[in-house]
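Structure below is model17.tsv: TSV, C-alpha atoms.
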chain	number	residue	atom	x	y	z
T	847	MET	CA	-33.71	17.99	8.76
T	848	ASP	CA	-33.92	14.23	9.18
T	849	TRP	CA	-31.28	13.06	11.70
T	850	ALA	CA	-32.40	9.44	11.72
T	851	TRP	CA	-29.24	8.39	9.87
T	852	MET	CA	-27.09	9.93	12.61
T	853	VAL	CA	-29.03	8.09	15.30
T	854	GLU	CA	-28.52	4.81	13.44
T	855	PHE	CA	-24.82	5.56	13.04
T	856	LEU	CA	-24.39	6.26	16.75
T	857	LYS	CA	-26.26	3.06	17.65
T	858	GLY	CA	-23.97	1.13	15.33
T	859	MET	CA	-20.89	2.59	17.05
T	860	ILE	CA	-21.78	0.96	20.39
T	861	LYS	CA	-19.94	-2.26	19.56
T	862	PRO	CA	-16.81	-0.56	18.16
T	863	VAL	CA	-16.63	1.56	21.32
T	864	ALA	CA	-17.07	-1.57	23.47
T	865	ALA	CA	-14.19	-3.18	21.56
T	866	THR	CA	-11.83	-0.46	22.83
T	867	ALA	CA	-11.72	-2.47	26.07
T	868	VAL	CA	-8.92	-4.52	24.55
T	869	VAL	CA	-7.05	-1.31	23.72
T	870	LEU	CA	-7.41	-0.28	27.36
T	871	MET	CA	-5.86	-3.62	28.28
T	872	ALA	CA	-2.93	-2.87	25.96
T	873	VAL	CA	-2.54	0.63	27.47
T	874	LEU	CA	-2.43	-0.80	30.99
T	875	LEU	CA	0.13	-3.42	30.00
T	876	SER	CA	2.26	-0.72	28.37
T	877	TYR	CA	2.05	1.37	31.55
T	878	PHE	CA	3.04	-1.44	33.90
T	879	GLN	CA	5.84	-2.56	31.57
T	880	LYS	CA	7.03	1.07	31.30
T	881	LEU	CA	7.00	0.96	27.50
T	882	GLY	CA	5.93	4.57	27.18
T	883	LEU	CA	3.43	3.75	24.41
T	884	GLU	CA	0.24	4.68	26.24
T	885	ALA	CA	-0.24	8.09	24.64
T	886	GLU	CA	0.58	6.76	21.16
T	887	MET	CA	-1.88	3.88	21.60
T	888	VAL	CA	-4.69	6.24	22.62
T	889	TYR	CA	-3.84	8.68	19.83
T	890	SER	CA	-3.71	5.86	17.25
T	891	ILE	CA	-7.10	4.43	18.14
T	892	LEU	CA	-8.75	7.88	18.30
T	893	ARG	CA	-7.27	8.73	14.91
T	894	ALA	CA	-8.48	5.40	13.51
T	895	PHE	CA	-12.01	6.11	14.81
T	896	LEU	CA	-12.01	9.56	13.23
T	897	GLN	CA	-10.49	8.52	9.90
T	898	LEU	CA	-12.75	5.51	9.43
T	899	SER	CA	-15.86	7.48	10.41
T	900	VAL	CA	-15.05	10.22	7.89
T	901	ILE	CA	-14.23	7.66	5.19
T	902	GLY	CA	-17.49	5.87	5.94
T	903	PHE	CA	-19.51	9.04	5.29
T	904	VAL	CA	-17.47	9.82	2.16
T	905	LEU	CA	-18.01	6.33	0.76
T	906	GLN	CA	-21.70	6.50	1.61
T	907	PHE	CA	-21.92	9.68	-0.45
T	908	ILE	CA	-19.91	8.25	-3.37
T	909	PHE	CA	-21.96	5.04	-3.45
T	910	THR	CA	-25.13	7.06	-3.91
T	911	GLN	CA	-23.70	8.98	-6.88
T	912	ASN	CA	-23.98	7.58	-10.39
T	913	ASN	CA	-20.78	9.26	-11.59
T	914	SER	CA	-17.46	7.63	-12.48
T	915	VAL	CA	-15.60	10.85	-11.67
T	916	TRP	CA	-15.98	10.13	-7.95
T	917	ILE	CA	-14.39	6.71	-8.42
T	918	LEU	CA	-11.38	8.26	-10.15
T	919	LEU	CA	-11.05	11.01	-7.54
T	920	ALA	CA	-11.14	8.49	-4.67
T	921	TYR	CA	-8.61	6.28	-6.46
T	922	LEU	CA	-6.21	9.16	-7.18
T	923	PHE	CA	-6.47	10.31	-3.57
T	924	MET	CA	-5.47	6.83	-2.34
T	925	VAL	CA	-2.58	6.68	-4.79
T	926	SER	CA	-1.37	10.13	-3.71
T	927	VAL	CA	-1.34	9.20	-0.02
T	928	ALA	CA	0.31	5.86	-0.79
T	929	GLY	CA	2.97	7.51	-2.96
T	930	TYR	CA	3.77	9.99	-0.19
T	931	THR	CA	3.99	7.23	2.42
T	932	ALA	CA	6.17	4.93	0.29
T	933	GLY	CA	8.37	7.88	-0.67
T	934	GLN	CA	8.93	8.62	3.01
T	935	ARG	CA	10.40	5.13	3.42
T	936	ALA	CA	12.83	5.84	0.55
T	937	LYS	CA	13.52	9.40	1.66
T	938	HIS	CA	17.10	9.47	0.31
T	939	ILE	CA	15.92	8.98	-3.27
T	940	PRO	CA	15.36	12.31	-5.06
T	941	ARG	CA	11.70	12.80	-6.01
T	942	GLY	CA	11.04	9.51	-4.25
T	943	LYS	CA	7.41	10.37	-3.53
T	944	TYR	CA	6.74	10.99	-7.24
T	945	VAL	CA	8.57	7.79	-8.21
T	946	ALA	CA	6.55	5.79	-5.69
T	947	GLY	CA	3.27	7.43	-6.70
T	948	ALA	CA	3.85	6.83	-10.41
T	949	SER	CA	4.85	3.21	-9.76
T	950	ILE	CA	1.80	2.52	-7.60
T	951	LEU	CA	-0.45	4.23	-10.15
T	952	ALA	CA	0.95	2.13	-12.99
T	953	GLY	CA	0.73	-1.19	-11.18
T	954	THR	CA	-2.76	-0.74	-9.78
T	955	ALA	CA	-4.22	0.91	-12.89
T	956	VAL	CA	-3.01	-1.86	-15.20
T	957	THR	CA	-4.29	-4.55	-12.85
T	958	MET	CA	-7.64	-2.82	-12.40
T	959	PHE	CA	-8.03	-2.35	-16.15
T	960	VAL	CA	-7.48	-6.07	-16.77
T	961	LEU	CA	-9.99	-7.05	-14.08
T	962	VAL	CA	-12.64	-4.70	-15.46
T	963	VAL	CA	-12.06	-5.78	-19.07
T	964	LEU	CA	-12.38	-9.44	-18.04
T	965	ASN	CA	-15.61	-8.53	-16.21
T	966	VAL	CA	-14.23	-9.82	-12.90
T	967	PHE	CA	-15.55	-6.64	-11.26
T	968	PRO	CA	-18.11	-4.15	-12.57
T	969	PHE	CA	-16.94	-0.54	-12.78
T	970	THR	CA	-19.04	0.70	-9.87
T	971	PRO	CA	-17.95	2.46	-6.65
T	972	ARG	CA	-19.08	-0.42	-4.45
T	973	TYR	CA	-16.59	-2.75	-6.13
T	974	ILE	CA	-13.82	-0.58	-7.53
T	975	ILE	CA	-13.04	1.56	-4.48
T	976	PRO	CA	-12.57	-1.31	-1.96
T	977	VAL	CA	-10.61	-3.35	-4.52
T	978	ALA	CA	-8.44	-0.37	-5.43
T	979	GLY	CA	-7.81	0.31	-1.74
T	980	MET	CA	-6.49	-3.21	-1.19
T	981	MET	CA	-4.23	-3.04	-4.24
T	982	VAL	CA	-2.91	0.44	-3.49
T	983	GLY	CA	-2.16	-0.45	0.14
T	984	ASN	CA	-0.26	-3.57	-0.82
T	985	ALA	CA	1.59	-1.87	-3.69
T	986	MET	CA	2.56	0.96	-1.33
T	987	THR	CA	4.34	-1.40	1.05
T	988	VAL	CA	6.10	-3.37	-1.68
T	989	THR	CA	7.17	-0.26	-3.62
T	990	GLY	CA	8.58	1.45	-0.53
T	991	VAL	CA	10.60	-1.63	0.42
T	992	THR	CA	11.88	-2.08	-3.15
T	993	MET	CA	13.09	1.50	-3.47
T	994	LYS	CA	14.78	1.59	-0.08
T	995	ARG	CA	16.39	-1.82	-0.47
T	996	LEU	CA	17.67	-1.04	-3.98
T	997	ARG	CA	19.27	2.21	-2.89
T	998	ASP	CA	20.81	0.61	0.21
T	999	ASP	CA	22.21	-2.36	-1.74
T	1000	ILE	CA	23.78	-0.14	-4.41
T	1001	ARG	CA	25.27	2.04	-1.67
T	1002	THR	CA	26.78	-1.03	0.02
T	1003	GLN	CA	28.20	-2.36	-3.25
T	1004	MET	CA	29.18	0.89	-4.96
T	1005	ASN	CA	32.65	-0.45	-5.87
T	1006	LEU	CA	31.16	-3.43	-7.70
T	1007	VAL	CA	28.67	-1.26	-9.58
T	1008	GLU	CA	31.32	1.31	-10.53
T	1009	THR	CA	33.64	-1.44	-11.76
T	1010	ALA	CA	30.89	-2.88	-13.96
T	1011	LEU	CA	30.16	0.58	-15.37
T	1012	ALA	CA	33.86	1.14	-16.09
T	1013	LEU	CA	33.91	-2.11	-18.05
T	1014	GLY	CA	31.10	-0.87	-20.30
T	1015	ALA	CA	28.01	-2.19	-18.54
T	1016	THR	CA	24.78	-0.21	-18.73
T	1017	PRO	CA	23.16	0.93	-15.46
T	1018	ARG	CA	20.68	-1.93	-15.77
T	1019	GLN	CA	23.43	-4.49	-16.24
T	1020	ALA	CA	25.58	-3.02	-13.48
T	1021	THR	CA	22.78	-3.17	-10.91
T	1022	LEU	CA	21.06	-6.34	-12.07
T	1023	GLN	CA	21.83	-8.32	-8.90
T	1024	GLN	CA	20.81	-5.45	-6.62
T	1025	VAL	CA	17.53	-5.05	-8.50
T	1026	LYS	CA	16.78	-8.76	-8.27
T	1027	ARG	CA	17.55	-8.84	-4.56
T	1028	ALA	CA	15.38	-5.81	-3.83
T	1029	LEU	CA	12.44	-7.24	-5.79
T	1030	VAL	CA	12.71	-10.68	-4.20
T	1031	ILE	CA	12.82	-9.24	-0.68
T	1032	ALA	CA	9.90	-6.88	-1.33
T	1033	LEU	CA	7.66	-9.46	-3.04
T	1034	SER	CA	8.42	-12.41	-0.76
T	1035	PRO	CA	5.84	-11.44	1.93
T	1036	VAL	CA	3.12	-11.16	-0.73
T	1037	LEU	CA	3.96	-14.57	-2.13
T	1038	ASP	CA	4.28	-16.14	1.34
T	1039	ASN	CA	0.87	-14.74	2.22
T	1040	ALA	CA	-0.61	-16.32	-0.92
T	1041	LYS	CA	0.98	-19.68	-0.04
T	1042	THR	CA	-0.49	-19.76	3.46
T	1043	VAL	CA	-3.80	-17.97	2.91
T	1044	GLY	CA	-6.60	-19.80	4.70
T	1045	LEU	CA	-4.18	-22.10	6.54
T	1046	ILE	CA	-2.94	-19.69	9.20
T	1047	SER	CA	-5.60	-16.99	9.18
T	1048	LEU	CA	-8.63	-15.98	7.17
T	1049	PRO	CA	-7.96	-12.83	5.09
T	1050	GLY	CA	-9.97	-9.66	5.63
T	1051	ALA	CA	-12.06	-9.81	2.47
T	1052	MET	CA	-13.04	-13.43	3.08
T	1053	THR	CA	-13.79	-12.81	6.77
T	1054	GLY	CA	-15.94	-9.78	5.94
T	1055	LEU	CA	-18.05	-11.73	3.48
T	1056	ILE	CA	-18.56	-14.65	5.85
T	1057	MET	CA	-19.50	-12.34	8.73
T	1058	GLY	CA	-21.85	-10.52	6.34
T	1059	GLY	CA	-23.75	-13.74	5.65
T	1060	ALA	CA	-22.12	-14.97	2.42
T	1061	SER	CA	-21.35	-18.63	2.05
T	1062	PRO	CA	-17.73	-19.73	2.58
T	1063	LEU	CA	-17.59	-20.91	-1.04
T	1064	GLU	CA	-18.53	-17.45	-2.33
T	1065	ALA	CA	-16.00	-15.92	0.08
T	1066	ILE	CA	-13.09	-18.04	-1.15
T	1067	GLN	CA	-13.91	-17.22	-4.77
T	1068	LEU	CA	-13.54	-13.52	-4.05
T	1069	GLN	CA	-10.43	-14.09	-1.95
T	1070	ILE	CA	-8.74	-15.95	-4.82
T	1071	VAL	CA	-9.40	-12.93	-7.05
T	1072	VAL	CA	-8.00	-10.64	-4.34
T	1073	MET	CA	-4.79	-12.65	-3.99
T	1074	ASN	CA	-4.33	-12.67	-7.77
T	1075	MET	CA	-4.75	-8.92	-8.08
T	1076	LEU	CA	-2.44	-8.20	-5.14
T	1077	ILE	CA	0.37	-10.23	-6.69
T	1078	GLY	CA	-0.16	-8.61	-10.08
T	1079	ALA	CA	-0.34	-5.02	-8.84
T	1080	SER	CA	2.59	-5.43	-6.43
T	1081	THR	CA	4.84	-6.99	-9.06
T	1082	VAL	CA	4.16	-4.31	-11.68
T	1083	SER	CA	4.55	-1.49	-9.15
T	1084	SER	CA	7.80	-2.77	-7.68
T	1085	ILE	CA	9.43	-3.41	-11.07
T	1086	MET	CA	8.29	-0.02	-12.33
T	1087	SER	CA	9.87	1.67	-9.32
T	1088	THR	CA	13.29	0.19	-10.14
T	1089	TYR	CA	13.15	1.68	-13.64
T	1090	LEU	CA	12.00	5.07	-12.39
T	1091	CYS	CA	14.75	5.17	-9.75
T	1092	TRP	CA	17.61	4.96	-12.26
T	1093	PRO	CA	17.58	8.62	-13.37
T	1094	ALA	CA	18.19	9.54	-9.73
T	1095	PHE	CA	20.92	6.91	-9.26
T	1096	PHE	CA	23.01	7.65	-12.35
T	1097	THR	CA	24.30	10.71	-14.20
T	1098	LYS	CA	23.82	11.20	-17.92
T	1099	ALA	CA	27.34	9.84	-18.35
T	1100	PHE	CA	26.27	6.55	-16.72
T	1101	GLN	CA	28.13	7.22	-13.48
T	1102	LEU	CA	26.75	6.78	-9.98
T	1103	GLU	CA	25.21	9.91	-8.52
T	1104	THR	CA	27.31	9.88	-5.34
T	1105	LYS	CA	25.21	12.46	-3.48
T	1106	VAL	CA	22.29	10.04	-3.51
T	1107	PHE	CA	24.36	7.40	-1.73
T	1108	SER	CA	26.31	9.62	0.66
T	1109	ALA	CA	23.63	9.83	3.37
T	1110	GLU	CA	23.19	6.99	5.86
Would you kindly transcribe this structure into C-alpha cells?
Amino acid sequence: MDWAWMVEFLKGMIKPVAATAVVLMAVLLSYFQKLGLEAEMVYSILRAFLQLSVIGFVLQFIFTQNNSVWILLAYLFMVSVAGYTAGQRAKHIPRGKYVAGASILAGTAVTMFVLVVLNVFPFTPRYIIPVAGMMVGNAMTVTGVTMKRLRDDIRTQMNLVETALALGATPRQATLQQVKRALVIALSPVLDNAKTVGLISLPGAMTGLIMGGASPLEAIQLQIVVMNMLIGASTVSSIMSTYLCWPAFFTKAFQLETKVFSAE
C-alpha cells in the first residue's frame, strides 16, 4: 500500500501544530486569570483538529468522484447538523429542529439553484460543497436567532397578541410586529457584515484565495458573490422559519398555544 499521501499530510500538519502555540498562550492566560476554561480550550482545539482532518479526507474522496449523489449527501448532512444546532437554540418550540432544518434547506436550496442556473458556479463538488457550507452555516445562525426571538417576543407580549386575535386578526396579523422585530434582529448582523466587508477585515473566502495565489481582483469578485448568496439564503431561511413556527404557536382555533410559552 502506498502511504506517500499520509506522509505528505503529516508534513503539512507541522504548521497547524505550530500554530497551537497561541492556544497555549490562551490556556495560560485562562489559568492565571482563574477563568476555568483551560480544559474546554484544549478540548475545543483537539476536536477542531479531528473534525477538520476527517472532513479533509472526506472531501478529498468526494472531489475524486464524478457523481452528483455525493454532493447531495454532503449537503443534506450539513443541513441536518445545522437544523439540529439551530433547533437547540429554539428548544422551547415543538419540533424546532425540523422547523429549522426545513427552513435552512429551503433557503439554501433556492439560493443554490439560482446560482447554478445563472452559471455563477458549476455543479461540481469543488464549488458546490464549500459554497453550500458557507450558506448553511450562516442560515443556521440566522434561523436559530429568528425562531428564539419570535417565541420570546410573543411570550412577552401575549396579552397584545391575544387581544388582536379576539378582535378577529389572523395569527399573521396578530404577530406581525413580533415577526418583523425577530427578522430585523436576526438579519442585521448579516447586513452589517456586508456593509463593512473589506473595511474592517478581509472575509475568509477572499483571504483564502489571496493566500492561495489568486489576484485581489479575482478574490473580491468571488467575495461579492459570497455576500450576495449569504444575504439571499439567510433571508429566505429566516422568513420561512416564521411561517413554519405558527402551527406550534397557535391552535386550530387561532388561539395561542400556552404550553409553548409557559417555559422560561
Quiz prompt | CA of Pro976 (chain T) to CA of Asn912 (chain T), distance in Å rounded to a single decimal | solution =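 Separation between CA of Pro976 (chain T) and CA of Asn912 (chain T): 16.7 Å.
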query = For Gly990 (chain T), which of T:Arg972, T:Lys1026, T:Lys1041, T:His938 is the closest residue, counting all atoms listed in the file?
reply =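 Under the stated criterion, the closest residue is T:His938.
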Exercise for the section: For Ala928 (chain T), please output as a PyMOL selection string all residues within 10 Å (counting only C-alpha atoms; exclusion window: fewer than 5 positions along the same chain). Expected result: chain T and resi 922-923+933-934+943+946-947+950-951+979+982-987+989-990
Counting only C-alpha atoms, the residue among T:Val945, T:Ile975, T:Leu1063, T:Phe1095 that lies closest to Met924 (chain T) is T:Ile975
Distance query Ser1087 (chain T) at most 12 Å, all atoms listed in the file, self and fewer than 6 positions along chain excluded, as an MDAnalysis selection string: chainID T and resid 929 932:933 936 939 941:953 985:986 988:997 1025 1028:1029 1032 1080:1081 1093:1094
What is the CA of Val1071 (chain T) to CA of Gly1054 (chain T) distance in Å?
->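 So the two atoms, CA of Val1071 (chain T) and CA of Gly1054 (chain T), lie 14.9 Å apart.
As for CA of Asn1039 (chain T) and CA of Met1073 (chain T), they are spaced 8.7 Å apart.
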Of T:Ala1079, T:Leu961, T:Leu870, T:Ile974, the one nearest to Leu919 (chain T) when counting all atoms listed in the file is T:Ile974
Check your understanding: Hey, which of T:Leu1011, T:Met1075, T:Met1086, T:Leu1055 ends up closest to Thr957 (chain T)? Count all atoms listed in the file.
Key ->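 Of T:Leu1011, T:Met1075, T:Met1086, T:Leu1055, the one nearest Thr957 (chain T) is T:Met1075, counting all atoms listed in the file.
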**Request:** Can you work out which one of T:Met958, T:Met859, T:Ile1056, T:Leu1048 has the shortest atom-to-atom distance to Leu896 (chain T), counting all atoms listed in the file?
**Result:**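 Comparing T:Met958, T:Met859, T:Ile1056, T:Leu1048 against Leu896 (chain T), the winner is T:Met859.
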Using all atoms listed in the file, the shortest atom-to-atom distance to Ser1083 (chain T) among T:Thr954, T:Gln1069, T:Gln1023, T:Thr1097 belongs to T:Thr954
How big is the axis-aligned box around the listed atoms of region 881-895 of chain T once 6 Å is added on each side, and where is its centre? Give both in Å to one decimal, as AutoDock Vina command-line options.
--center_x -2.5 --center_y 4.8 --center_z 20.5 --size_x 31.0 --size_y 19.8 --size_z 26.0
